[in-house]
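Q: I have a structure I would like to understand better, so I am pasting it below and will then ask my questions one at a time.
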There are 2 protein chains.
Amino acid sequence: MPKIVDHAARRDEIAQVACRVVANYGFEQATVARIARAAGYTTGMVAHYYESKQEIILAALRLMLLRIEERLTRERERDEANLLEALSEALAIDSQRFTECAFWMAFWGQVSADKKLKRLNAWVHREYMRLFERCFSEYWSEWSAWPQATRDQVLRSVVTFMNGLTASAVTSPRDWPADMQVEQLRLQLDLLRQWAGKRATKSR
Amino acid sequence: MPKIVDHAARRDEIAQVACRVVANYGFEQATVARIARAAGYTTGMVAHYYESKQEIILAALRLMLLRIEERLTRERERDEANLLEALSEALAIDSQRFTECAFWMAFWGQVSADKKLKRLNAWVHREYMRLFERCFSEYWSEWSAWPQATRDQVLRSVVTFMNGLTASAVTSPRDWPADMQVEQLRLQLDLLRQWAGKRATKSR
């Protein structure tokens with residue numbers, strides 16, 4: 001079925017370009033026409049693959065989720081893999097990931113003005129939480145022994161911190177080179193792991 | 001000089017409305033015409049007070065900085081004032097502050113697409129850092145005894161975390177009631193204070 005494969009590949013390509021266009025021009029300026037132009041298609045050709053900008057954005061979000069899942073899996077296959085390296089996959093530490101993070105900022109910037117985007121965001125946020133939780137349980141042997149409330153707290157703090165890193169790295173890239181982002185996340189993980197460990201010991 | 005006072009008051013009023021319009025409609029949709037309409041003025045009347053949207057946004061940023069500085073000062077005048085309460089003044093814990101945080105998200109979402117906004121953001125970020133640093137030095141007696149690198153690390157982590165809380169509260173308001181935001185910040189402050197204290201003891 002070469003035609004269907006082509007269709008899927010084209011859809012992915014357009015979604016990928018859309019992510020870059022949103023990162024570079026902001027959410028509103030990333031019109032279907034501009035996305036089409038950046039992908040080397042006419043607006044009419046894009047309409048063949050997507051019915052609306054909303055649909056393109058949804059596809060872009062799906063692609064990013066898939067990519068992050070792949071990266072997390074790849075990380076796990078390495079011998080000395082650790083949680084810090086796995087989670088760093090979601091930070092703005094190279095140009096591709098910077099674009100993804102810039103997309104996120106543009107997207108978040110529009111969420112409070114748009115109910116449909118809010119729903120999309122809620123869905124993708126849940127998916128990320130699930131992925132991250134899986135990482136914690138795979139890399140931290142004590143994770144599953146902690147009470148649910150402790151795990152929730154750690155997960156919530158780490159995701160909040162990573163969102164903050166995303167905001168900082170995208171809005172002040174010069175102040176936030178890759179190694180500083182990773183160092184900050186390392187401290188955060190260390191502190192939360194110690195805190196959760198102590199709390200678990202006390203409650204026994 | 002009643003006329004000059006009026007002029008200043010009108011400028012503030014328009015800037016305040018602009019903050020709300022940006023929060024509600026997103027950065028791009030917050031045109032001068034829409035801001036004027038929301039303030040009950042004609043576009044021509046707004047042009048009397050501001051030359052451009054950029055100027056209105058700058059004024060809105062200045063107002064927010066001023067407001068946060070006032071809140072921090074007010075907080076200090078209370079007897080049992082503490083750092084957590086002071087810093088919470090910058091979180092989305094009531095409707096006015098939610099609007100300010102939503103403005104920030106919309107603004108950040110546009111920063112990577114607009115060099116002028118990037119400069120504005122760098123300036124306002126430095127101002128916030130200065131304000132927050134002042135808070136730390138006033139509320140934490142050990143602050144000034146810590147090495148510069150430790151203070152930088154704590155300040156950077158806390159600001160990153162607060163940016164993350166802003167992003168979470170604005171994009172998922174239901175998941176982030178005020179008390180949860182404050183609780184998360186409390187844990188963060190506790191952990192970083194302990195970490196910095198231990199580090200300072202070791203280095204002695």
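The chains in the structure tokens are called A, B, ... from first to last as shown; in each chain the residues are counted from 1, and the ligands are counted from 1 in the order shown.
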Within 10 Å of Thr31 (chain B), counting only C-alpha atoms, which residues show up once you throw out same-chain ones fewer than 2 positions away? Write them as a list in words, please.
A: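 Returned residues: Ala18, Val21, Val22, Tyr25, Gly26, Phe27, Glu28, Gln29, Ala33, Arg34, Ile35, Ala36, Arg37, Thr43, Ser52 and Lys53 of chain B.
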Q: Keeping only C-alpha atoms, write the selected residues to a file as an mmCIF file, in the first residue's frame.
A:
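Just written: out01.cif:
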```
data_model
loop_
_atom_site.group_PDB
_atom_site.id
_atom_site.type_symbol
_atom_site.label_atom_id
_atom_site.label_comp_id
_atom_site.auth_asym_id
_atom_site.auth_seq_id
_atom_site.Cartn_x
_atom_site.Cartn_y
_atom_site.Cartn_z
ATOM 1 C CA ALA B 18 -4.411 45.159 28.107
ATOM 2 C CA VAL B 21 -7.193 41.154 27.110
ATOM 3 C CA VAL B 22 -3.886 39.368 26.474
ATOM 4 C CA TYR B 25 -7.503 36.338 23.883
ATOM 5 C CA GLY B 26 -3.830 35.479 23.541
ATOM 6 C CA PHE B 27 -1.014 37.808 22.582
ATOM 7 C CA GLU B 28 -1.719 38.259 18.889
ATOM 8 C CA GLN B 29 -5.477 38.686 19.205
ATOM 9 C CA ALA B 33 -8.475 48.005 18.749
ATOM 10 C CA ARG B 34 -9.576 45.180 21.033
ATOM 11 C CA ILE B 35 -7.779 46.647 24.044
ATOM 12 C CA ALA B 36 -9.419 50.023 23.331
ATOM 13 C CA ARG B 37 -12.857 48.422 23.076
ATOM 14 C CA THR B 43 -8.675 53.238 19.038
ATOM 15 C CA SER B 52 1.955 51.202 19.757
ATOM 16 C CA LYS B 53 0.868 47.883 21.166
#
```
Q: Set out as JSON lines a contact list for region 62-121 of chain A and region 187-197 of chain A with a cut-off of 12 Å, giving each residue of region 62-121 of chain A that qualifies its closest atom pair and distance in Å to one decimal, counting only C-alpha atoms, ordered by chain and rising residue number.
A:
```
{"residue": "A:Asn82", "atom": "CA", "partner": "A:Leu189", "partner_atom": "CA", "distance": 11.3}
{"residue": "A:Leu83", "atom": "CA", "partner": "A:Leu189", "partner_atom": "CA", "distance": 8.6}
{"residue": "A:Leu84", "atom": "CA", "partner": "A:Leu189", "partner_atom": "CA", "distance": 7.6}
{"residue": "A:Glu85", "atom": "CA", "partner": "A:Leu189", "partner_atom": "CA", "distance": 11.4}
{"residue": "A:Leu87", "atom": "CA", "partner": "A:Leu189", "partner_atom": "CA", "distance": 10.1}
{"residue": "A:Ser88", "atom": "CA", "partner": "A:Leu189", "partner_atom": "CA", "distance": 11.5}
```
Q: Can I get the selected residues back with C-alpha atoms, as an mmCIF file, in the first residue's frame?
A:
```cif
data_model
loop_
_atom_site.group_PDB
_atom_site.id
_atom_site.type_symbol
_atom_site.label_atom_id
_atom_site.label_comp_id
_atom_site.auth_asym_id
_atom_site.auth_seq_id
_atom_site.Cartn_x
_atom_site.Cartn_y
_atom_site.Cartn_z
ATOM 1 C CA ASN A 82 19.578 6.771 34.517
ATOM 2 C CA LEU A 83 16.526 8.849 35.264
ATOM 3 C CA LEU A 84 18.294 12.174 34.784
ATOM 4 C CA GLU A 85 19.336 11.291 31.240
ATOM 5 C CA LEU A 87 14.044 13.001 31.637
ATOM 6 C CA SER A 88 16.577 15.326 30.005
#
```
Q: Find the residues in chain A near chain B: any atom within 10 Å counts, using only C-alpha atoms. Write them as a VMD selection string.
A: chain A and resid 21 to 29 99 102 to 114 117 to 119 121 to 122 125 153 to 154 156 to 173 175 183 to 185 187 to 188 191 to 192 194 to 195
Q: If I take CA of Tyr49 (chain A) and CA of Leu66 (chain A), how far is one from the other in Å, to one decimal?
A: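 CA of Leu66 (chain A) lies 19.5 Å from CA of Tyr49 (chain A).
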Q: I want to know what sits within 9 Å of Arg11 (chain B), based on only C-alpha atoms, with residues of the same chain fewer than 3 positions away left out; could you give that as a list in words?
A: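 Using only C-alpha atoms, the neighbours found are Asp6, His7, Ala8, Ile14, Ala15, Gln16, Val46, Tyr49, Tyr50, Ile56 and Ala59 of chain B.
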Q: Print the selection's residues with N, CA and C atoms to a file, as a PDB file, in the first residue's frame.
A:
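Below is the file that was written, part-v2.pdb:
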```pdb
ATOM      1  N   ASP B   6      -4.480  62.764  35.439  1.00  0.00           N
ATOM      2  CA  ASP B   6      -5.458  62.056  34.625  1.00  0.00           C
ATOM      3  C   ASP B   6      -4.790  61.213  33.552  1.00  0.00           C
ATOM      4  N   HIS B   7      -3.840  61.835  32.891  1.00  0.00           N
ATOM      5  CA  HIS B   7      -3.142  61.161  31.812  1.00  0.00           C
ATOM      6  C   HIS B   7      -2.479  59.883  32.320  1.00  0.00           C
ATOM      7  N   ALA B   8      -1.789  59.993  33.444  1.00  0.00           N
ATOM      8  CA  ALA B   8      -1.102  58.831  34.016  1.00  0.00           C
ATOM      9  C   ALA B   8      -2.095  57.748  34.428  1.00  0.00           C
ATOM     10  N   ILE B  14      -5.472  51.664  30.891  1.00  0.00           N
ATOM     11  CA  ILE B  14      -5.385  50.962  29.602  1.00  0.00           C
ATOM     12  C   ILE B  14      -4.419  49.779  29.694  1.00  0.00           C
ATOM     13  N   ALA B  15      -3.292  49.978  30.376  1.00  0.00           N
ATOM     14  CA  ALA B  15      -2.310  48.898  30.515  1.00  0.00           C
ATOM     15  C   ALA B  15      -2.909  47.717  31.280  1.00  0.00           C
ATOM     16  N   GLN B  16      -3.697  48.056  32.297  1.00  0.00           N
ATOM     17  CA  GLN B  16      -4.331  47.021  33.114  1.00  0.00           C
ATOM     18  C   GLN B  16      -5.341  46.222  32.279  1.00  0.00           C
ATOM     19  N   VAL B  46      -6.984  55.719  22.443  1.00  0.00           N
ATOM     20  CA  VAL B  46      -5.838  54.979  22.983  1.00  0.00           C
ATOM     21  C   VAL B  46      -4.542  55.502  22.362  1.00  0.00           C
ATOM     22  N   TYR B  49      -2.641  57.963  24.162  1.00  0.00           N
ATOM     23  CA  TYR B  49      -1.880  57.561  25.351  1.00  0.00           C
ATOM     24  C   TYR B  49      -0.688  56.658  25.024  1.00  0.00           C
ATOM     25  N   TYR B  50      -0.834  55.895  23.960  1.00  0.00           N
ATOM     26  CA  TYR B  50       0.245  54.971  23.597  1.00  0.00           C
ATOM     27  C   TYR B  50       0.472  54.999  22.092  1.00  0.00           C
ATOM     28  N   ILE B  56       2.120  49.641  25.016  1.00  0.00           N
ATOM     29  CA  ILE B  56       1.099  49.238  26.003  1.00  0.00           C
ATOM     30  C   ILE B  56       1.600  48.029  26.796  1.00  0.00           C
ATOM     31  N   ALA B  59       4.110  48.989  29.307  1.00  0.00           N
ATOM     32  CA  ALA B  59       3.455  49.611  30.465  1.00  0.00           C
ATOM     33  C   ALA B  59       2.796  48.554  31.349  1.00  0.00           C
TER      34      ALA B  59
END
```
Q: Among region 53-190 of chain B, which residues does DSSP mark as helix (DSSP H, G or I) when it is run on the backbone? Keep the chain and numbering as in the structure and answer as a ChimeraX atom specification.
A: /B:53-77,83-88,95-111,115-139,143-145,148-171,173-175,178-190
Q: Grab the residues selected above and save them as a short mmCIF file (atom, residue, chain, number, x, y, z; two decimals), in the first residue's frame with C-alpha atoms.
A:
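See again-v6.cif below for the written result:
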```cif
data_model
loop_
_atom_site.label_atom_id
_atom_site.label_comp_id
_atom_site.auth_asym_id
_atom_site.auth_seq_id
_atom_site.Cartn_x
_atom_site.Cartn_y
_atom_site.Cartn_z
CA LYS B 53 0.87 47.88 21.17
CA GLN B 54 4.50 47.31 22.16
CA GLU B 55 4.30 50.43 24.34
CA ILE B 56 1.10 49.24 26.00
CA ILE B 57 2.69 45.86 26.74
CA LEU B 58 5.74 47.56 28.22
CA ALA B 59 3.46 49.61 30.46
CA ALA B 60 1.56 46.46 31.50
CA LEU B 61 4.83 44.75 32.42
CA ARG B 62 5.89 47.80 34.45
CA LEU B 63 2.56 47.83 36.27
CA MET B 64 2.85 44.15 37.15
CA LEU B 65 6.38 44.63 38.46
CA LEU B 66 5.22 47.56 40.55
CA ARG B 67 2.29 45.59 41.89
CA ILE B 68 4.44 42.66 42.85
CA GLU B 69 6.91 44.96 44.55
CA GLU B 70 4.07 46.56 46.53
CA ARG B 71 2.76 43.16 47.56
CA LEU B 72 6.18 42.05 48.70
CA THR B 73 6.60 45.21 50.75
CA ARG B 74 3.15 44.86 52.30
CA GLU B 75 3.97 41.27 53.17
CA ARG B 76 7.13 42.41 54.95
CA GLU B 77 5.20 44.75 57.19
CA LEU B 83 9.27 33.94 52.50
CA LEU B 84 6.63 31.47 51.36
CA GLU B 85 3.86 34.03 51.75
CA ALA B 86 5.91 36.71 50.06
CA LEU B 87 6.78 34.59 47.03
CA SER B 88 3.23 33.26 46.79
CA SER B 95 -8.33 35.91 39.98
CA GLN B 96 -6.20 39.05 39.63
CA ARG B 97 -3.00 37.04 39.89
CA PHE B 98 -4.37 34.34 37.63
CA THR B 99 -4.89 37.02 34.97
CA GLU B 100 -1.32 38.23 35.46
CA CYS B 101 0.03 34.69 35.16
CA ALA B 102 -2.09 34.06 32.06
CA PHE B 103 -0.65 37.27 30.63
CA TRP B 104 2.84 35.90 31.32
CA MET B 105 2.10 32.66 29.53
CA ALA B 106 0.74 34.50 26.48
CA PHE B 107 3.75 36.80 26.55
CA TRP B 108 6.29 33.96 26.89
CA GLY B 109 4.53 32.12 24.09
CA GLN B 110 5.38 34.99 21.77
CA VAL B 111 8.94 35.68 22.99
CA LYS B 115 13.18 39.82 19.28
CA LYS B 116 11.77 42.97 20.84
CA LEU B 117 9.72 40.90 23.26
CA LYS B 118 12.81 38.86 24.04
CA ARG B 119 14.62 42.04 25.12
CA LEU B 120 11.62 43.18 27.17
CA ASN B 121 11.50 39.77 28.80
CA ALA B 122 15.21 39.84 29.66
CA TRP B 123 14.77 43.21 31.34
CA VAL B 124 11.69 42.26 33.36
CA HIS B 125 13.27 38.93 34.30
CA ARG B 126 16.29 40.74 35.79
CA GLU B 127 13.95 43.00 37.75
CA TYR B 128 12.07 40.01 39.15
CA MET B 129 15.33 38.30 40.10
CA ARG B 130 16.41 41.40 41.98
CA LEU B 131 13.08 41.56 43.84
CA PHE B 132 13.18 37.88 44.73
CA GLU B 133 16.80 38.06 45.84
CA ARG B 134 15.84 40.92 48.18
CA CYS B 135 13.09 38.71 49.63
CA PHE B 136 15.49 35.85 50.27
CA SER B 137 17.98 38.11 52.01
CA GLU B 138 15.27 39.63 54.21
CA TYR B 139 13.49 36.45 55.24
CA TRP B 143 21.18 33.89 53.14
CA SER B 144 24.03 36.41 53.10
CA ALA B 145 26.43 33.91 54.70
CA GLN B 148 27.38 33.34 45.81
CA ALA B 149 27.19 30.07 43.83
CA THR B 150 24.82 28.57 46.41
CA ARG B 151 22.62 31.64 46.46
CA ASP B 152 22.52 31.67 42.64
CA GLN B 153 21.57 28.02 42.56
CA VAL B 154 18.75 28.45 45.10
CA LEU B 155 17.40 31.57 43.40
CA ARG B 156 17.54 29.94 39.98
CA SER B 157 15.80 26.78 41.19
CA VAL B 158 13.04 28.69 42.97
CA VAL B 159 12.36 31.00 40.03
CA THR B 160 12.35 28.02 37.64
CA PHE B 161 9.91 26.22 39.90
CA MET B 162 7.66 29.27 40.15
CA ASN B 163 7.66 29.60 36.35
CA GLY B 164 6.62 25.96 36.19
CA LEU B 165 3.83 26.58 38.70
CA THR B 166 2.67 29.52 36.57
CA ALA B 167 2.57 27.32 33.47
CA SER B 168 0.75 24.52 35.29
CA ALA B 169 -1.80 26.77 37.00
CA VAL B 170 -2.65 28.65 33.81
CA THR B 171 -2.89 25.63 31.53
CA PRO B 173 -6.33 25.54 36.56
CA ARG B 174 -8.51 22.73 37.94
CA ASP B 175 -5.50 20.61 38.87
CA ALA B 178 -4.14 27.93 45.22
CA ASP B 179 -3.30 25.76 48.23
CA MET B 180 -1.63 23.13 46.08
CA GLN B 181 0.56 25.75 44.40
CA VAL B 182 1.58 27.11 47.80
CA GLU B 183 2.23 23.62 49.20
CA GLN B 184 4.45 22.74 46.27
CA LEU B 185 6.40 25.96 46.68
CA ARG B 186 6.73 25.32 50.43
CA LEU B 187 8.35 21.92 49.81
CA GLN B 188 10.67 23.46 47.25
CA LEU B 189 11.78 26.20 49.64
CA ASP B 190 12.29 23.72 52.50
#
```
